[in-house]
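Q: work.cif is reproduced in full below (mmCIF, C-alpha atoms).
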data_entry
#
loop_
_atom_site.label_atom_id
_atom_site.label_comp_id
_atom_site.auth_asym_id
_atom_site.auth_seq_id
_atom_site.Cartn_x
_atom_site.Cartn_y
_atom_site.Cartn_z
CA MET A 1 77.57 -43.18 -5.34
CA THR A 2 74.09 -43.13 -6.76
CA ALA A 3 71.83 -46.06 -7.24
CA THR A 4 72.46 -45.96 -10.96
CA GLU A 5 76.16 -46.15 -10.46
CA GLN A 6 75.77 -49.11 -8.13
CA GLY A 7 73.82 -50.97 -10.74
CA PRO A 8 70.25 -52.17 -10.99
CA VAL A 9 68.24 -52.38 -7.84
CA PRO A 10 67.02 -55.92 -7.23
CA ASP A 11 63.27 -56.55 -7.17
CA GLY A 12 61.88 -56.31 -3.68
CA ALA A 13 64.68 -54.05 -2.44
CA ALA A 14 64.00 -50.63 -1.06
CA ARG A 15 64.19 -47.94 -3.61
CA PRO A 16 65.29 -44.43 -2.78
CA GLY A 17 62.36 -42.26 -1.63
CA LEU A 18 60.16 -45.19 -0.62
CA ALA A 19 59.45 -45.80 3.04
CA VAL A 20 58.44 -49.42 2.53
CA PRO A 21 59.55 -51.81 -0.18
CA PRO A 22 56.62 -52.88 -2.34
CA GLY A 23 55.09 -55.94 -0.81
CA GLY A 24 57.63 -55.89 2.02
CA PRO A 25 57.04 -55.61 5.71
CA ALA A 26 56.85 -52.32 7.42
CA GLY A 27 60.03 -51.43 9.13
CA PRO A 28 60.62 -49.26 12.14
CA GLY A 29 59.44 -45.71 11.65
CA THR A 30 57.34 -46.65 8.67
CA ALA A 31 53.63 -46.78 8.04
CA PRO A 32 51.36 -48.74 5.75
CA PRO A 33 50.76 -47.31 2.32
CA GLY A 34 48.49 -44.32 2.42
CA GLY A 35 49.17 -43.68 6.11
CA PRO A 36 51.40 -41.13 7.79
CA VAL A 37 55.05 -41.83 8.48
CA THR A 38 55.93 -41.88 12.17
CA ALA A 39 59.19 -42.17 14.00
CA PRO A 40 59.85 -45.08 16.31
CA GLY A 41 58.39 -44.61 19.73
CA THR A 42 56.14 -41.71 18.75
CA SER A 43 52.37 -41.60 18.60
CA PRO A 44 50.51 -40.88 15.34
CA PRO A 45 49.49 -37.30 14.73
CA PRO A 46 46.02 -36.33 15.93
CA ASP A 47 43.29 -36.97 13.40
CA ASP A 48 41.20 -33.95 12.36
CA GLY A 49 38.13 -36.06 11.72
CA ALA A 50 38.60 -36.21 7.98
CA HIS A 51 38.53 -39.82 7.00
CA PRO A 52 40.11 -40.44 3.59
CA ARG A 53 36.79 -41.71 2.15
CA ALA A 54 34.31 -40.07 4.48
CA ASP A 55 33.91 -36.93 2.40
CA ALA A 56 33.11 -39.03 -0.62
CA ILE A 57 30.68 -41.50 0.92
CA GLY A 58 29.13 -39.37 3.68
CA ALA A 59 30.32 -41.70 6.44
CA VAL A 60 31.88 -40.86 9.78
CA GLY A 61 35.54 -40.44 10.65
CA PRO A 62 37.57 -42.03 13.40
CA GLY A 63 35.99 -41.82 16.80
CA ASP A 64 32.53 -41.73 15.17
CA ALA A 65 32.89 -38.00 14.59
CA PRO A 66 30.21 -36.73 12.15
CA VAL A 67 31.44 -35.80 8.73
CA ARG A 68 30.06 -32.72 7.01
CA ALA A 69 28.17 -33.74 3.87
CA ARG A 70 29.28 -32.41 0.55
CA ALA A 71 26.84 -29.86 -0.95
CA MET A 72 24.44 -31.21 -3.59
CA ARG A 73 24.36 -29.76 -7.04
CA ALA A 74 21.30 -27.76 -8.07
CA ALA A 75 20.54 -30.24 -10.83
CA SER A 76 20.44 -33.07 -8.30
CA VAL A 77 18.06 -31.15 -6.04
CA ILE A 78 15.74 -30.44 -8.96
CA SER A 79 15.91 -34.05 -10.07
CA GLU A 80 14.97 -35.30 -6.62
CA ALA A 81 12.08 -32.85 -6.41
CA TRP A 82 10.78 -34.02 -9.78
CA ARG A 83 10.98 -37.68 -8.74
CA SER A 84 9.04 -36.96 -5.55
CA ILE A 85 6.30 -35.24 -7.56
CA ALA A 86 6.17 -37.91 -10.28
CA THR A 87 5.98 -40.80 -7.84
CA GLY A 88 3.27 -39.17 -5.73
CA THR A 89 5.43 -38.74 -2.66
CA THR A 90 4.64 -35.03 -2.56
CA ARG A 91 0.84 -35.59 -2.81
CA ALA A 92 0.85 -32.70 -5.29
CA ALA A 93 -2.59 -33.29 -6.80
CA LEU A 94 -4.31 -33.63 -3.42
CA LEU A 95 -2.61 -30.58 -1.92
CA ALA A 96 -3.28 -28.44 -5.00
CA ALA A 97 -6.96 -29.38 -4.79
CA VAL A 98 -7.06 -28.49 -1.10
CA LEU A 99 -5.44 -25.12 -1.78
CA VAL A 100 -7.90 -24.35 -4.60
CA VAL A 101 -10.87 -25.28 -2.42
CA VAL A 102 -9.76 -23.50 0.75
CA VAL A 103 -7.98 -20.36 -0.45
CA GLY A 104 -9.89 -20.23 -3.73
CA ALA A 105 -13.18 -20.24 -1.83
CA LEU A 106 -12.06 -17.23 0.18
CA ALA A 107 -11.13 -15.39 -3.01
CA VAL A 108 -14.44 -16.28 -4.68
CA VAL A 109 -16.48 -15.06 -1.72
CA ASP A 110 -14.53 -11.79 -1.63
CA VAL A 111 -14.92 -11.26 -5.38
CA ARG A 112 -18.66 -11.87 -5.15
CA ALA A 113 -18.89 -9.36 -2.30
CA VAL A 114 -17.08 -6.72 -4.37
CA VAL A 115 -19.28 -7.47 -7.38
CA GLY A 116 -22.31 -7.04 -5.10
CA VAL A 117 -21.12 -3.56 -4.12
CA ILE A 118 -20.60 -2.63 -7.77
CA GLU A 119 -23.99 -4.02 -8.77
CA GLY A 120 -25.65 -2.10 -5.95
CA ALA A 121 -24.04 1.11 -7.18
CA ARG A 122 -25.09 0.35 -10.75
CA GLU A 123 -28.67 -0.35 -9.70
CA TYR A 124 -28.76 2.87 -7.71
CA ARG A 125 -27.65 4.95 -10.67
CA ASP A 126 -29.79 3.10 -13.22
CA ALA A 127 -32.86 3.77 -11.10
CA GLY A 128 -32.16 7.51 -11.25
CA ALA A 129 -31.61 7.70 -7.49
CA SER A 130 -28.42 9.69 -8.06
CA VAL A 131 -30.32 12.40 -9.98
CA GLN A 132 -31.31 15.51 -8.04
CA ILE A 133 -34.03 17.85 -9.33
CA LEU A 134 -34.46 21.49 -8.36
CA GLU A 135 -37.99 22.62 -9.26
CA ALA A 136 -38.78 26.32 -9.55
CA PRO A 137 -41.13 27.09 -12.48
CA GLY A 138 -39.75 29.92 -14.58
CA GLN A 139 -36.83 30.55 -12.21
CA ILE A 140 -34.06 28.26 -13.49
CA ASP A 141 -31.31 29.77 -15.61
CA GLY A 142 -30.56 27.24 -18.34
CA ALA A 143 -26.93 28.31 -18.84
CA ARG A 144 -26.15 28.13 -15.12
CA CYS A 145 -27.77 24.73 -14.86
CA GLU A 146 -25.74 23.35 -17.78
CA ALA A 147 -22.55 24.81 -16.29
CA LEU A 148 -22.97 22.62 -13.19
CA ALA A 149 -21.71 19.67 -15.26
CA GLY A 150 -18.22 21.11 -14.88
CA VAL A 151 -18.29 20.76 -11.08
CA ASP A 152 -16.40 17.81 -9.57
CA GLY A 153 -18.85 15.10 -8.63
CA ILE A 154 -21.57 16.22 -11.06
CA ASN A 155 -21.54 14.01 -14.14
CA ALA A 156 -24.39 15.61 -16.10
CA ALA A 157 -26.71 18.59 -15.82
CA GLY A 158 -29.59 19.93 -17.89
CA ALA A 159 -32.66 22.14 -17.60
CA LEU A 160 -36.27 21.23 -18.48
CA ARG A 161 -39.45 23.20 -19.15
CA ILE A 162 -42.94 22.63 -20.54
CA GLY A 163 -43.17 23.11 -24.32
CA SER A 164 -45.91 23.06 -26.92
CA PRO A 165 -48.25 20.04 -27.00
CA LEU A 166 -47.40 17.42 -29.60
CA ARG A 167 -49.86 15.24 -31.48
CA SER A 168 -48.63 12.14 -33.27
CA LEU A 169 -50.60 10.99 -36.30
CA ASN A 170 -49.95 7.39 -35.21
CA LEU A 171 -51.85 8.15 -31.99
CA PRO A 172 -54.42 10.73 -33.13
CA SER A 173 -56.55 10.38 -30.01
CA SER A 174 -53.68 11.21 -27.68
CA GLU A 175 -52.09 14.61 -27.25
CA LEU A 176 -48.58 14.37 -25.92
CA THR A 177 -47.19 16.87 -23.48
CA GLY A 178 -44.23 18.48 -25.15
CA HIS A 179 -41.08 19.34 -23.22
CA GLU A 180 -38.01 21.38 -24.03
CA ALA A 181 -34.62 20.57 -22.53
CA THR A 182 -31.05 21.70 -22.77
CA PRO A 183 -28.63 19.18 -24.34
CA GLY A 184 -27.12 18.05 -21.03
CA LEU A 185 -30.38 16.59 -19.72
CA LEU A 186 -30.11 13.47 -21.88
CA SER A 187 -26.87 12.42 -20.12
CA ALA A 188 -28.65 12.72 -16.78
CA LEU A 189 -31.35 10.37 -18.07
CA GLU A 190 -28.93 7.86 -19.59
CA ARG A 191 -25.18 7.95 -19.02
CA ASP A 192 -22.87 8.40 -21.99
CA GLN A 193 -25.67 8.53 -24.55
CA VAL A 194 -24.98 10.61 -27.67
CA ALA A 195 -28.07 11.97 -29.39
CA GLY A 196 -28.58 12.86 -33.00
CA SER A 197 -30.68 15.83 -34.08
CA GLY A 198 -34.39 15.49 -33.41
CA LEU A 199 -36.82 14.54 -30.68
CA TRP A 200 -36.00 12.50 -27.61
CA LEU A 201 -38.65 9.87 -26.91
CA SER A 202 -39.12 7.82 -23.78
CA ALA A 203 -38.76 4.09 -24.33
CA ASP A 204 -42.50 3.51 -23.71
CA LEU A 205 -43.55 6.17 -26.20
CA ALA A 206 -41.05 4.99 -28.81
CA GLU A 207 -42.44 1.46 -28.49
CA ALA A 208 -46.00 2.73 -28.93
CA LEU A 209 -45.00 4.68 -32.05
CA GLY A 210 -42.77 1.91 -33.39
CA ALA A 211 -39.93 4.41 -33.69
CA ALA A 212 -36.18 4.11 -33.21
CA PRO A 213 -33.33 6.64 -33.31
CA GLY A 214 -32.99 7.94 -36.86
CA ASP A 215 -36.63 7.26 -37.78
CA SER A 216 -39.19 9.92 -38.62
CA VAL A 217 -42.59 10.16 -36.97
CA ALA A 218 -45.59 11.99 -38.42
CA THR A 219 -46.89 14.77 -36.17
CA GLY A 220 -49.47 17.49 -36.54
CA ASN A 221 -46.63 19.89 -37.33
CA GLY A 222 -45.06 17.65 -39.95
CA ALA A 223 -42.45 14.88 -39.91
CA ALA A 224 -40.17 14.87 -36.91
CA ARG A 225 -36.89 12.97 -36.69
CA VAL A 226 -36.15 10.85 -33.64
CA GLY A 227 -32.74 11.77 -32.25
CA ALA A 228 -32.64 9.50 -29.18
CA VAL A 229 -34.67 7.08 -27.10
CA TYR A 230 -34.06 7.21 -23.34
CA PRO A 231 -35.01 4.53 -20.78
CA TYR A 232 -37.55 5.62 -18.23
CA PRO A 233 -38.97 2.53 -16.47
CA ASP A 234 -41.77 2.64 -13.95
CA ASP A 235 -39.54 1.79 -10.98
CA GLY A 236 -40.60 4.47 -8.54
CA ARG A 237 -39.15 7.50 -10.29
CA ASP A 238 -41.05 10.73 -10.99
CA ARG A 239 -43.21 10.08 -14.05
CA VAL A 240 -42.87 13.56 -15.54
CA LEU A 241 -40.92 12.15 -18.53
CA GLY A 242 -42.41 8.67 -18.51
CA TYR A 243 -44.46 9.09 -21.69
CA ALA A 244 -43.06 12.21 -23.25
CA ALA A 245 -41.41 13.73 -26.28
CA VAL A 246 -38.59 16.15 -25.52
CA THR A 247 -37.27 18.77 -27.92
CA PRO A 248 -33.63 19.77 -27.35
CA VAL A 249 -33.13 23.54 -27.26
CA PRO A 250 -30.17 25.86 -26.54
CA ALA A 251 -29.42 26.60 -22.89
CA THR A 252 -30.79 30.14 -23.02
CA GLY A 253 -33.66 31.67 -21.10
CA LEU A 254 -35.51 30.41 -18.09
CA PHE A 255 -36.64 26.86 -17.35
CA ASP A 256 -38.81 25.10 -14.80
CA SER A 257 -36.36 22.59 -13.32
CA CYS A 258 -32.67 21.69 -13.23
CA TRP A 259 -31.62 18.04 -13.29
CA VAL A 260 -28.13 16.92 -12.22
CA GLU A 261 -26.59 13.47 -11.82
CA ILE A 262 -24.30 13.38 -8.77
CA TRP A 263 -21.98 10.42 -8.40
CA PRO A 264 -20.61 9.41 -5.98
CA VAL A 265 -23.51 10.70 -3.92
CA ASP A 266 -22.34 13.65 -1.86
CA PRO A 267 -24.76 15.60 0.35
CA GLU A 268 -22.47 18.63 0.11
CA THR A 269 -22.76 18.76 -3.68
CA ALA A 270 -26.56 18.76 -3.91
CA PRO A 271 -27.00 22.34 -2.56
CA LEU A 272 -25.01 23.62 -5.57
CA LEU A 273 -28.21 23.31 -7.63
CA ARG A 274 -29.38 26.50 -5.94
CA THR A 275 -26.81 28.44 -7.95
CA ALA A 276 -28.97 27.90 -11.06
CA LEU A 277 -31.88 29.66 -9.40
CA VAL A 278 -32.95 33.14 -10.54
CA ALA A 279 -34.88 34.87 -7.78
CA ASP A 280 -38.32 36.10 -8.79
CA PRO A 281 -39.99 38.16 -6.05
CA SER A 282 -43.33 38.03 -7.84
CA SER A 283 -43.44 34.23 -7.89
CA GLU A 284 -45.38 32.52 -5.14
CA ALA A 285 -43.89 29.11 -5.91
CA GLN A 286 -41.14 28.05 -3.56
CA PRO A 287 -38.18 26.14 -5.01
CA THR A 288 -38.13 22.48 -4.03
CA GLN A 289 -35.36 19.91 -4.39
CA LYS A 290 -35.87 16.15 -4.56
CA GLN A 291 -34.52 12.87 -5.86
CA LEU A 292 -35.73 11.59 -9.19
CA ASN A 293 -36.23 8.19 -7.48
CA GLY A 294 -36.18 7.91 -3.70
CA ARG A 295 -37.04 4.19 -3.54
CA LEU A 296 -33.44 3.10 -2.89
CA GLY A 297 -32.69 5.65 -0.21
CA ALA A 298 -31.29 9.15 -0.09
CA THR A 299 -27.69 8.07 -0.49
CA TYR A 300 -25.46 5.15 -1.44
CA ASP A 301 -21.88 5.26 -0.19
CA ALA A 302 -20.14 2.72 -2.42
CA SER A 303 -16.76 3.41 -0.79
CA ALA A 304 -18.12 2.67 2.68
CA GLU A 305 -19.89 -0.46 1.42
CA PHE A 306 -16.62 -1.67 -0.10
CA ALA A 307 -14.54 -0.90 3.00
CA ASP A 308 -17.07 -2.50 5.39
CA ARG A 309 -17.74 -5.69 3.42
CA PRO A 310 -17.52 -8.78 5.68
CA THR A 311 -15.02 -10.51 3.38
CA ARG A 312 -12.39 -7.78 3.58
CA PRO A 313 -10.06 -9.89 5.84
CA ALA A 314 -9.98 -12.67 3.21
CA PRO A 315 -6.23 -12.21 2.46
CA VAL A 316 -5.39 -12.50 6.17
CA ALA A 317 -7.45 -15.67 6.48
CA ALA A 318 -5.75 -17.02 3.34
CA ILE A 319 -2.33 -16.40 4.90
CA VAL A 320 -3.27 -18.28 8.08
CA LEU A 321 -4.70 -21.22 6.16
CA GLY A 322 -1.77 -21.24 3.74
CA LEU A 323 0.77 -21.37 6.55
CA ALA A 324 -1.10 -24.27 8.15
CA LEU A 325 -1.42 -26.18 4.87
CA GLY A 326 2.25 -25.77 3.95
CA PHE A 327 3.43 -26.79 7.41
CA VAL A 328 1.17 -29.84 7.63
CA ALA A 329 2.10 -30.96 4.10
CA ILE A 330 5.78 -31.17 5.13
CA ARG A 331 5.23 -32.52 8.62
CA LEU A 332 3.46 -35.51 7.10
CA ARG A 333 6.84 -36.34 5.50
CA ARG A 334 8.99 -35.74 8.58
CA LEU A 335 10.23 -39.35 8.68
CA GLU A 336 11.41 -39.13 5.06
CA LEU A 337 13.18 -35.81 5.64
CA ALA A 338 14.81 -36.93 8.89
CA ALA A 339 16.09 -40.05 7.13
CA ALA A 340 17.59 -37.90 4.40
CA LEU A 341 19.34 -35.76 7.00
CA HIS A 342 20.62 -38.91 8.73
CA ALA A 343 22.10 -39.99 5.39
CA ARG A 344 24.06 -36.71 5.44
CA VAL A 345 21.97 -34.92 2.81
CA PRO A 346 22.59 -31.21 3.48
CA ARG A 347 19.73 -29.44 5.20
CA ALA A 348 19.87 -26.68 2.60
CA ALA A 349 19.35 -29.24 -0.16
CA VAL A 350 16.41 -30.81 1.70
CA THR A 351 14.80 -27.40 2.23
CA TRP A 352 15.23 -26.34 -1.40
CA GLN A 353 13.82 -29.64 -2.59
CA VAL A 354 10.77 -29.20 -0.39
CA LEU A 355 10.26 -25.63 -1.63
CA LEU A 356 10.50 -26.72 -5.28
CA GLU A 357 7.94 -29.45 -4.75
CA THR A 358 5.62 -27.08 -2.88
CA ALA A 359 6.01 -24.36 -5.51
CA ALA A 360 4.98 -26.87 -8.20
CA TRP A 361 1.59 -27.76 -6.74
CA THR A 362 1.00 -24.25 -5.43
CA GLY A 363 1.61 -22.87 -8.93
CA VAL A 364 -0.94 -25.29 -10.36
CA ALA A 365 -3.53 -24.06 -7.88
CA VAL A 366 -2.83 -20.42 -8.79
CA ILE A 367 -3.14 -21.21 -12.51
CA VAL A 368 -6.53 -22.81 -11.89
CA ALA A 369 -7.70 -19.79 -9.88
CA VAL A 370 -6.76 -17.18 -12.50
CA PRO A 371 -9.48 -17.92 -15.11
CA ALA A 372 -12.08 -18.85 -12.48
CA LEU A 373 -11.76 -15.47 -10.75
CA TRP A 374 -11.65 -13.66 -14.10
CA TRP A 375 -14.96 -15.25 -15.04
CA LEU A 376 -16.57 -14.34 -11.71
CA ALA A 377 -15.27 -10.76 -11.88
CA ALA A 378 -16.88 -10.30 -15.30
CA ASP A 379 -20.16 -9.44 -13.54
CA ALA A 380 -18.54 -6.17 -12.48
CA GLY A 381 -19.39 -4.94 -15.98
CA HIS A 382 -17.12 -1.99 -16.66
CA PRO A 383 -13.65 -3.10 -17.88
CA ALA A 384 -11.85 -1.11 -15.20
CA ASP A 385 -14.08 -2.60 -12.48
CA HIS A 386 -13.60 -6.04 -14.00
CA VAL A 387 -9.81 -5.87 -13.78
CA SER A 388 -9.73 -4.32 -10.31
CA THR A 389 -12.21 -6.88 -8.95
CA TRP A 390 -10.16 -9.73 -10.41
CA GLY A 391 -7.06 -8.19 -8.84
CA ILE A 392 -8.73 -8.21 -5.42
CA GLY A 393 -9.45 -11.92 -5.75
CA MET A 394 -5.92 -12.70 -6.97
CA ARG A 395 -4.49 -10.82 -4.01
CA THR A 396 -6.14 -13.36 -1.73
CA VAL A 397 -4.91 -16.30 -3.83
CA LEU A 398 -1.33 -15.05 -3.99
CA ALA A 399 -1.30 -14.30 -0.27
CA GLY A 400 -2.37 -17.86 0.46
CA ALA A 401 0.12 -19.34 -2.03
CA GLY A 402 3.00 -17.36 -0.57
CA ALA A 403 2.03 -18.44 2.92
CA VAL A 404 2.08 -22.08 1.82
CA LEU A 405 5.73 -21.72 0.78
CA VAL A 406 6.61 -20.12 4.10
CA GLY A 407 4.80 -22.87 6.00
CA ALA A 408 6.61 -25.53 3.98
CA ALA A 409 9.99 -23.94 4.73
CA VAL A 410 9.19 -23.80 8.43
CA GLY A 411 8.13 -27.45 8.34
CA ALA A 412 11.38 -28.49 6.66
CA LEU A 413 13.59 -26.45 8.98
CA SER A 414 11.82 -27.73 12.10
CA THR A 415 12.46 -31.38 11.17
CA ARG A 416 15.34 -32.78 13.23
CA GLU A 417 17.56 -35.73 12.46
CA LYS A 418 17.82 -36.62 16.16
CA HIS A 419 14.06 -37.25 16.19
CA LEU A 420 14.32 -39.90 13.48
CA PHE A 421 13.38 -42.82 15.73
CA LYS A 422 10.62 -40.77 17.35
CA TYR A 423 9.16 -40.07 13.90
CA PHE A 424 9.50 -43.75 13.08
CA LYS A 425 7.47 -44.75 16.14
CA GLU A 426 4.81 -42.09 15.39
CA ARG A 427 4.29 -43.10 11.78
#
Would you write the structure of this file as structure tokens?
A:
Amino acid sequence: MTATEQGPVPDGAARPGLAVPPGGPAGPGTAPPGGPVTAPGTSPPPDDGAHPRADAIGAVGPGDAPVRARAMRAASVISEAWRSIATGTTRAALLAAVLVVVVGALAVVDVRAVVGVIEGAREYRDAGASVQILEAPGQIDGARCEALAGVDGINAAGALRIGSPLRSLNLPSSELTGHEATPGLLSALERDQVAGSGLWLSADLAEALGAAPGDSVATGNGAARVGAVYPYPDDGRDRVLGYAAVTPVPATGLFDSCWVEIWPVDPETAPLLRTALVADPSSEAQPTQKQLNGRLGATYDASAEFADRPTRPAPVAAIVLGLALGFVAIRLRRLELAAALHARVPRAAVTWQVLLETAAWTGVAVIVAVPALWWLAADAGHPADHVSTWGIGMRTVLAGAGAVLVGAAVGALSTREKHLFKYFKER
């Protein structure tokens, strides 16, 4: 007979399926609510260490067995990292300043060293030291000389010879030595200059005549148009074209000298000038080859100067300093991190929180370094050199920033919960 057939069950009586009447005493073979049911005379089943509330509150189970903490959500980790930064626990402003000063200084010094190499190369070329001259009066083939511009390493080539004297009506008491040159000579005198039709005047002569490209000057042979003005300072270079007017002519016939601009300087390229020479057995003059300006030395190896600069190991030094800074920044908080681990915060969550905080102030330092290095690299001049020089500086900054993150991770992972009281005494 079922309970329904027997009639209503009185309050306080045992209902079918219940081990203990509500509010009643525990009988033999029963257990309190929520506990396991055991038979009389038997021991309770072994506990697996999972306390009913331990997983929720991060406590310990029976027998003081440690309870594995539940993983934190990503949003919680980010929130904790933000609070640490906002409250100053991370020391973000101080550490970012230290990173800018230490690693940024290394990058600045390296950028300035690279700019110095580029400026040295520019000075060398601007002084005409990269120009080689083969002198052999009446023995230089103009077409061969011009053709040297097509050789790798030779940027410009042109032939020069003495022309008819020129008298300017603005300077009637002075007779100017006239020269004739093939079109390629102007590029050897000034890189990338494009000339119009007419005379080429040195800067000193153009200033004396008050002339500029496109103007006309009165000469004994009539008005002459100025096609270009080339710089020719008195800085130690051969003064043959220092106060001269040059008439461009086709590259035909024989000339007195062949001028070529060789960059980068290569001793093996200079002998190629001899190919423009036309042997003349009747000539007593011996061909001679020289630099236009020997004041800065016979050669300038920009590649060797760049490779041998003292600041080349700057990225390595930045990595070492970055590792130290990141590690020290976290070790200063070892008591805080050990306490978090003791409270059963997962180590992974602690490590990610530390990395987020470190990435925040490291990113600020990198952002500050970007425009500063760009401004310093501007002295490199040429856009391509500007970008590459800035990239060299940023390589040092990024190496240091990455090392800071690695150092911070090592600092977090090396913090031990069991050393909590040791950290407390050392604080």
Q: From the options A:Ala159, A:Ala93, A:Leu296, A:Ala105, which residue's atoms come nearest to Ala121 of chain A, counting all atoms listed in the file?
A: A:Leu296
Q: Mind telling me what the PyMOL selection byres ((chain A and resi 321-334) around 7) catches here, as a ChimeraX atom specification?
A: /A:317-320,335-338,400-401,403-408,410-412,415,423
Q: As a check of understanding, name the residues that the PyMOL selection byres ((chain A and resi 165-182) around 7) selects in the supplied structure, as an NGL selection string.
A: :A and (158-164 or 183-185 or 209 or 218-220 or 244-251)
Q: Hey, what's within 12 Å of Asp235 of chain A if we count all atoms listed in the file and toss same-chain stuff fewer than 2 positions away? As a short mmCIF file (atom, residue, chain, number, x, y, z; two decimals) with C-alpha atoms, in the coordinates of the input, please?
A:
data_model
loop_
_atom_site.label_atom_id
_atom_site.label_comp_id
_atom_site.auth_asym_id
_atom_site.auth_seq_id
_atom_site.Cartn_x
_atom_site.Cartn_y
_atom_site.Cartn_z
CA GLU A 123 -28.67 -0.35 -9.70
CA TYR A 124 -28.76 2.87 -7.71
CA ASP A 126 -29.79 3.10 -13.22
CA ALA A 127 -32.86 3.77 -11.10
CA GLY A 128 -32.16 7.51 -11.25
CA ALA A 129 -31.61 7.70 -7.49
CA PRO A 231 -35.01 4.53 -20.78
CA TYR A 232 -37.55 5.62 -18.23
CA PRO A 233 -38.97 2.53 -16.47
CA ARG A 237 -39.15 7.50 -10.29
CA ASP A 238 -41.05 10.73 -10.99
CA ARG A 239 -43.21 10.08 -14.05
CA GLY A 242 -42.41 8.67 -18.51
CA LEU A 292 -35.73 11.59 -9.19
CA ASN A 293 -36.23 8.19 -7.48
CA GLY A 294 -36.18 7.91 -3.70
CA ARG A 295 -37.04 4.19 -3.54
CA LEU A 296 -33.44 3.10 -2.89
#
Q: List the neighbours of Gly138 of chain A out to 6 Å using only C-alpha atoms; skip same-chain residues closer than 2 positions along the sequence, and give me the result as a PyMOL selection string.
A: chain A and resi 254-256
Q: Let me have the centre and edge lengths in Å, one decimal, of the box along x, y and z around every listed atom of segment 233-239 of chain A with 6 Å of margin on each side, as lines of an AutoDock Vina configuration file.
A:
center_x = -41.1
center_y = 6.3
center_z = -12.5
size_x = 16.2
size_y = 20.9
size_z = 19.9
Q: Hey, can you pull every residue with an atom no more than 12 Å from (-19.0, -15.7, -0.5), using all atoms listed in the file, and send it as a ChimeraX atom specification?
A: /A:103-116,309-312,314,376,393
Q: Check what the PyMOL selection byres ((chain A and resi 141) around 7) selects in the file above and give those residues as an NGL selection string.
A: :A and (139-140 or 142-145 or 253-255 or 276-278)
